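Novice: Below you will find the structure I want to go over with you.
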Amino acid sequence: MSKLKLQSEQVGEAFAGQFLTDHFGAEIFIGPGIELKLQEISHVIFQDVPDNEYFGATVNVDSEQVFVAINTRQPLRIRYFTVAHEFWHLLGYKEVISEEIDHERAADRFAAAVMMPASLVRLLWGRLKQDFGEEKAIIMIADMAAAPYEAVARRILELKLSKSRRLIAIKEKEWISLRKAHHLANSPLDEPFPIKSFSKYESVISEAVEKRLLNKAEASGKLAQISPETAIRYQTETNRERTISQEEEEDL
């Protein structure tokens with residue numbers, strides 16, 4: 001692992017411990033509580049976007065307005081991990097870190113450490129592995145932590161609790177199939193719970209356009225993933241205004 005990657009992960013891990021202490025009072029499996037905390041301190045946009053590669057984003061409208069968008073088409077355990085990842089961007093850790101790091105890598109390590117505190121994982125792993133084997137132990141911890149199976153497998157390796165790199169090669173859908181092989185019931189965490197809620201963000205963008213704090217092209221870009229129909233309308237109006245402007249210049 002390169003020095004930059006290692007440093008990024010160490011920074012993410014360090015901030016996770018402080019985050020849990022500040023917001024939850026202890027290192028615990030917070031599970032769905034991460035989403036409740038997000039709604040408590042931020043404007044949250046719940047989207048139902050049919051895109052398997054889109055998970056969420058933190059969007060800055062201006063220096064005082066920050067929104068977090070979450071794709072509720074994703075399974076719940078992935079959705080909660082996404083929320084933990086976005087907390088890194090939301091809380092502005094980038095502003096207090098002087099050294100150069102990979103912030104996306106730091107955010108992923110932060111999310112893993114927030115959802116799966118090292119102390120708890122170490123406490124559980126030895127006994128679960130002994131009693132049930134590594135695969136079943138990972139599935140059980142994933143359910144306890146409401147975290148993605150792949151994230152748990154990576155966590156086990158990064159904490160040096162296992163040397164089996166085979167575990168991180170198993171994909172999320174394969175883990176779901178392994179539940180049956182290990183005689184474990186289906187989990188609701190493997191299913192999405194699609195909801196939509198983003199009216200607050202749209203109203204803020206509209207107000208910013210009216211006050212000329214944003215132009216329509218900028219507004220379109222900020223709404224592209226959140227409200228595609230409104231984004232298209234702003235882009236159409238932008239194109240129309242540009243055409244009119246060009247025609248007026250030609251007439252001069």
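Just so we're on the same page: first chain in the structure tokens is A, next is B, and so on; residues restart at 1 for each chain, and ligands are numbered from 1 in the order they show up.
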Which residues of region 3-97 of chain A sit at most 8 Å from region 104-118 of chain A, using only C-alpha atoms? Give each one's shortest atom pair and distance in Å (one decimal place), in chain and ascending residue order, as JSON lines.
Specialist:
```
{"residue": "A:Lys5", "atom": "CA", "partner": "A:Arg105", "partner_atom": "CA", "distance": 7.1}
{"residue": "A:Ser8", "atom": "CA", "partner": "A:Ala106", "partner_atom": "CA", "distance": 4.8}
{"residue": "A:Glu9", "atom": "CA", "partner": "A:Ala106", "partner_atom": "CA", "distance": 5.0}
{"residue": "A:Gln10", "atom": "CA", "partner": "A:Ala106", "partner_atom": "CA", "distance": 7.7}
{"residue": "A:Val11", "atom": "CA", "partner": "A:Ala106", "partner_atom": "CA", "distance": 6.5}
{"residue": "A:Gly12", "atom": "CA", "partner": "A:Phe110", "partner_atom": "CA", "distance": 4.3}
{"residue": "A:Glu13", "atom": "CA", "partner": "A:Phe110", "partner_atom": "CA", "distance": 5.3}
{"residue": "A:Ala14", "atom": "CA", "partner": "A:Phe110", "partner_atom": "CA", "distance": 7.9}
{"residue": "A:Phe15", "atom": "CA", "partner": "A:Phe110", "partner_atom": "CA", "distance": 6.9}
{"residue": "A:Ala16", "atom": "CA", "partner": "A:Phe110", "partner_atom": "CA", "distance": 5.2}
{"residue": "A:Gly17", "atom": "CA", "partner": "A:Val114", "partner_atom": "CA", "distance": 7.1}
{"residue": "A:Phe19", "atom": "CA", "partner": "A:Val114", "partner_atom": "CA", "distance": 7.6}
{"residue": "A:Leu20", "atom": "CA", "partner": "A:Val114", "partner_atom": "CA", "distance": 6.6}
{"residue": "A:Glu27", "atom": "CA", "partner": "A:Pro117", "partner_atom": "CA", "distance": 6.0}
{"residue": "A:Ile28", "atom": "CA", "partner": "A:Pro117", "partner_atom": "CA", "distance": 6.9}
{"residue": "A:Phe29", "atom": "CA", "partner": "A:Met115", "partner_atom": "CA", "distance": 6.1}
{"residue": "A:Ile30", "atom": "CA", "partner": "A:Met115", "partner_atom": "CA", "distance": 6.4}
{"residue": "A:Gly31", "atom": "CA", "partner": "A:Met115", "partner_atom": "CA", "distance": 6.6}
{"residue": "A:Phe81", "atom": "CA", "partner": "A:Ala111", "partner_atom": "CA", "distance": 6.2}
{"residue": "A:Thr82", "atom": "CA", "partner": "A:Ala111", "partner_atom": "CA", "distance": 7.7}
{"residue": "A:Ala84", "atom": "CA", "partner": "A:Ala111", "partner_atom": "CA", "distance": 4.7}
{"residue": "A:His85", "atom": "CA", "partner": "A:Ala111", "partner_atom": "CA", "distance": 4.8}
{"residue": "A:Glu86", "atom": "CA", "partner": "A:Ala107", "partner_atom": "CA", "distance": 7.3}
{"residue": "A:Trp88", "atom": "CA", "partner": "A:Ala107", "partner_atom": "CA", "distance": 5.4}
{"residue": "A:His89", "atom": "CA", "partner": "A:Ala107", "partner_atom": "CA", "distance": 7.6}
```
Novice: Let me see the file: selected residues, C-alpha atoms, as a PDB file, in the first residue's frame.
Specialist:
```
ATOM      1  CA  LYS A   5      -3.260   5.455   0.869  1.00  0.00           C
ATOM      2  CA  SER A   8      -5.517   8.491   4.236  1.00  0.00           C
ATOM      3  CA  GLU A   9      -6.855   5.391   5.984  1.00  0.00           C
ATOM      4  CA  GLN A  10      -5.153   6.254   9.270  1.00  0.00           C
ATOM      5  CA  VAL A  11      -6.703   9.734   9.214  1.00  0.00           C
ATOM      6  CA  GLY A  12     -10.148   8.302   8.458  1.00  0.00           C
ATOM      7  CA  GLU A  13      -9.854   5.821  11.326  1.00  0.00           C
ATOM      8  CA  ALA A  14      -8.763   8.500  13.786  1.00  0.00           C
ATOM      9  CA  PHE A  15     -11.647  10.838  13.018  1.00  0.00           C
ATOM     10  CA  ALA A  16     -14.174   7.989  13.266  1.00  0.00           C
ATOM     11  CA  GLY A  17     -13.434   7.419  16.932  1.00  0.00           C
ATOM     12  CA  PHE A  19     -17.163  11.144  15.674  1.00  0.00           C
ATOM     13  CA  LEU A  20     -18.665   8.242  17.645  1.00  0.00           C
ATOM     14  CA  GLU A  27     -18.139   3.035  20.290  1.00  0.00           C
ATOM     15  CA  ILE A  28     -21.252   1.014  19.466  1.00  0.00           C
ATOM     16  CA  PHE A  29     -22.895  -0.572  16.454  1.00  0.00           C
ATOM     17  CA  ILE A  30     -25.044   2.395  15.422  1.00  0.00           C
ATOM     18  CA  GLY A  31     -26.685   0.775  12.391  1.00  0.00           C
ATOM     19  CA  PHE A  81     -22.674   2.863   4.785  1.00  0.00           C
ATOM     20  CA  THR A  82     -23.123   5.599   2.178  1.00  0.00           C
ATOM     21  CA  ALA A  84     -21.458   7.265   7.040  1.00  0.00           C
ATOM     22  CA  HIS A  85     -19.204   7.997   4.051  1.00  0.00           C
ATOM     23  CA  GLU A  86     -20.983  11.285   3.318  1.00  0.00           C
ATOM     24  CA  TRP A  88     -16.823  12.799   6.095  1.00  0.00           C
ATOM     25  CA  HIS A  89     -17.660  15.382   3.448  1.00  0.00           C
TER      26      HIS A  89
END
```
Novice: From the DSSP assignment of the backbone, select every residue of region 36-101 of chain A that is strand (DSSP E), and format the answer as a short mmCIF file (atom, residue, chain, number, x, y, z; two decimals) with C-alpha atoms, in the first residue's frame.
Specialist:
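Contents of result_6.cif, freshly written:
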```cif
data_model
loop_
_atom_site.label_atom_id
_atom_site.label_comp_id
_atom_site.auth_asym_id
_atom_site.auth_seq_id
_atom_site.Cartn_x
_atom_site.Cartn_y
_atom_site.Cartn_z
CA HIS A 43 -30.73 18.65 5.08
CA VAL A 44 -31.19 15.18 3.60
CA ILE A 45 -32.45 14.40 0.11
CA PHE A 46 -33.81 10.88 -0.26
CA GLN A 47 -33.84 9.85 -3.91
CA GLY A 56 -25.18 9.50 -2.79
CA ALA A 57 -23.49 12.88 -2.72
CA THR A 58 -22.86 15.92 -0.55
CA VAL A 59 -23.94 19.08 -2.37
CA ASN A 60 -22.85 22.59 -1.38
CA VAL A 66 -25.16 21.91 2.53
CA PHE A 67 -27.33 18.97 1.51
CA VAL A 68 -26.71 15.23 1.50
CA ALA A 69 -28.38 13.15 -1.21
CA ILE A 70 -28.92 9.42 -0.61
CA ASN A 71 -30.07 6.93 -3.23
#
```
Novice: For the structure I just gave you, how does DSSP split region 102-221 of chain A - specifically, which residues are helix (DSSP H, G or I)? Reply as a VMD selection string.
Specialist: chain A and resid 103 to 115 118 to 132 134 to 145 149 to 158 165 to 169 172 to 181 188 to 190 199 to 210 216 to 221
Novice: Rank A:Phe55, A:Phe193, A:Tyr93, A:Tyr80 by their smallest atom-to-atom distance to Leu36 (chain A), using only C-alpha atoms, and report the top residue only.
Specialist: A:Tyr80
Novice: Kindly give the distance, in Å, that separates CA of Leu90 (chain A) and CA of Pro75 (chain A), rounded to a single decimal.
Specialist: 22.0 Å
Novice: With distances taken over only C-alpha atoms, which of A:Leu91, A:Leu167, A:Leu123, A:Ile205 is nearest to Ser227 (chain A)?
Specialist: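 Nearest to Ser227 (chain A): A:Ile205.
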Novice: Please build the interface table for region 181-220 of chain A against region 230-237 of chain A with a cut-off of 8 Å, listing for each qualifying residue the nearest atom pair and the distance in Å to one decimal; count only C-alpha atoms, order rows by chain and increasing number, and write it as CSV.
Specialist:
```
residue,atom,partner,partner_atom,distance
A:Lys216,CA,A:Tyr234,CA,5.3
A:Ala217,CA,A:Gln235,CA,5.8
A:Ala219,CA,A:Tyr234,CA,7.0
A:Ser220,CA,A:Ala231,CA,4.1
```
Novice: With only C-alpha atoms as the atoms that count, which of A:Leu76, A:Leu161, A:Ile97, A:Met1 lies nearest to Asp143 (chain A)?
Specialist: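 Closest to Asp143 (chain A) of all the choices is A:Leu76.
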Novice: I need the residue nearest Leu159 (chain A) from this list: A:Gln7, A:Ser197, A:Ser119, A:Ser187. Use only C-alpha atoms for the distance.
Specialist: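 Ranking A:Gln7, A:Ser197, A:Ser119, A:Ser187 by distance to Leu159 (chain A), first place goes to A:Ser119.
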Novice: My list of candidates is A:Asp102, A:Gln39, A:Ile156, A:Thr238. Which is closest to Leu124 (chain A) when distances are computed with only C-alpha atoms?
Specialist: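 Closest to Leu124 (chain A), using only C-alpha atoms: A:Ile156.
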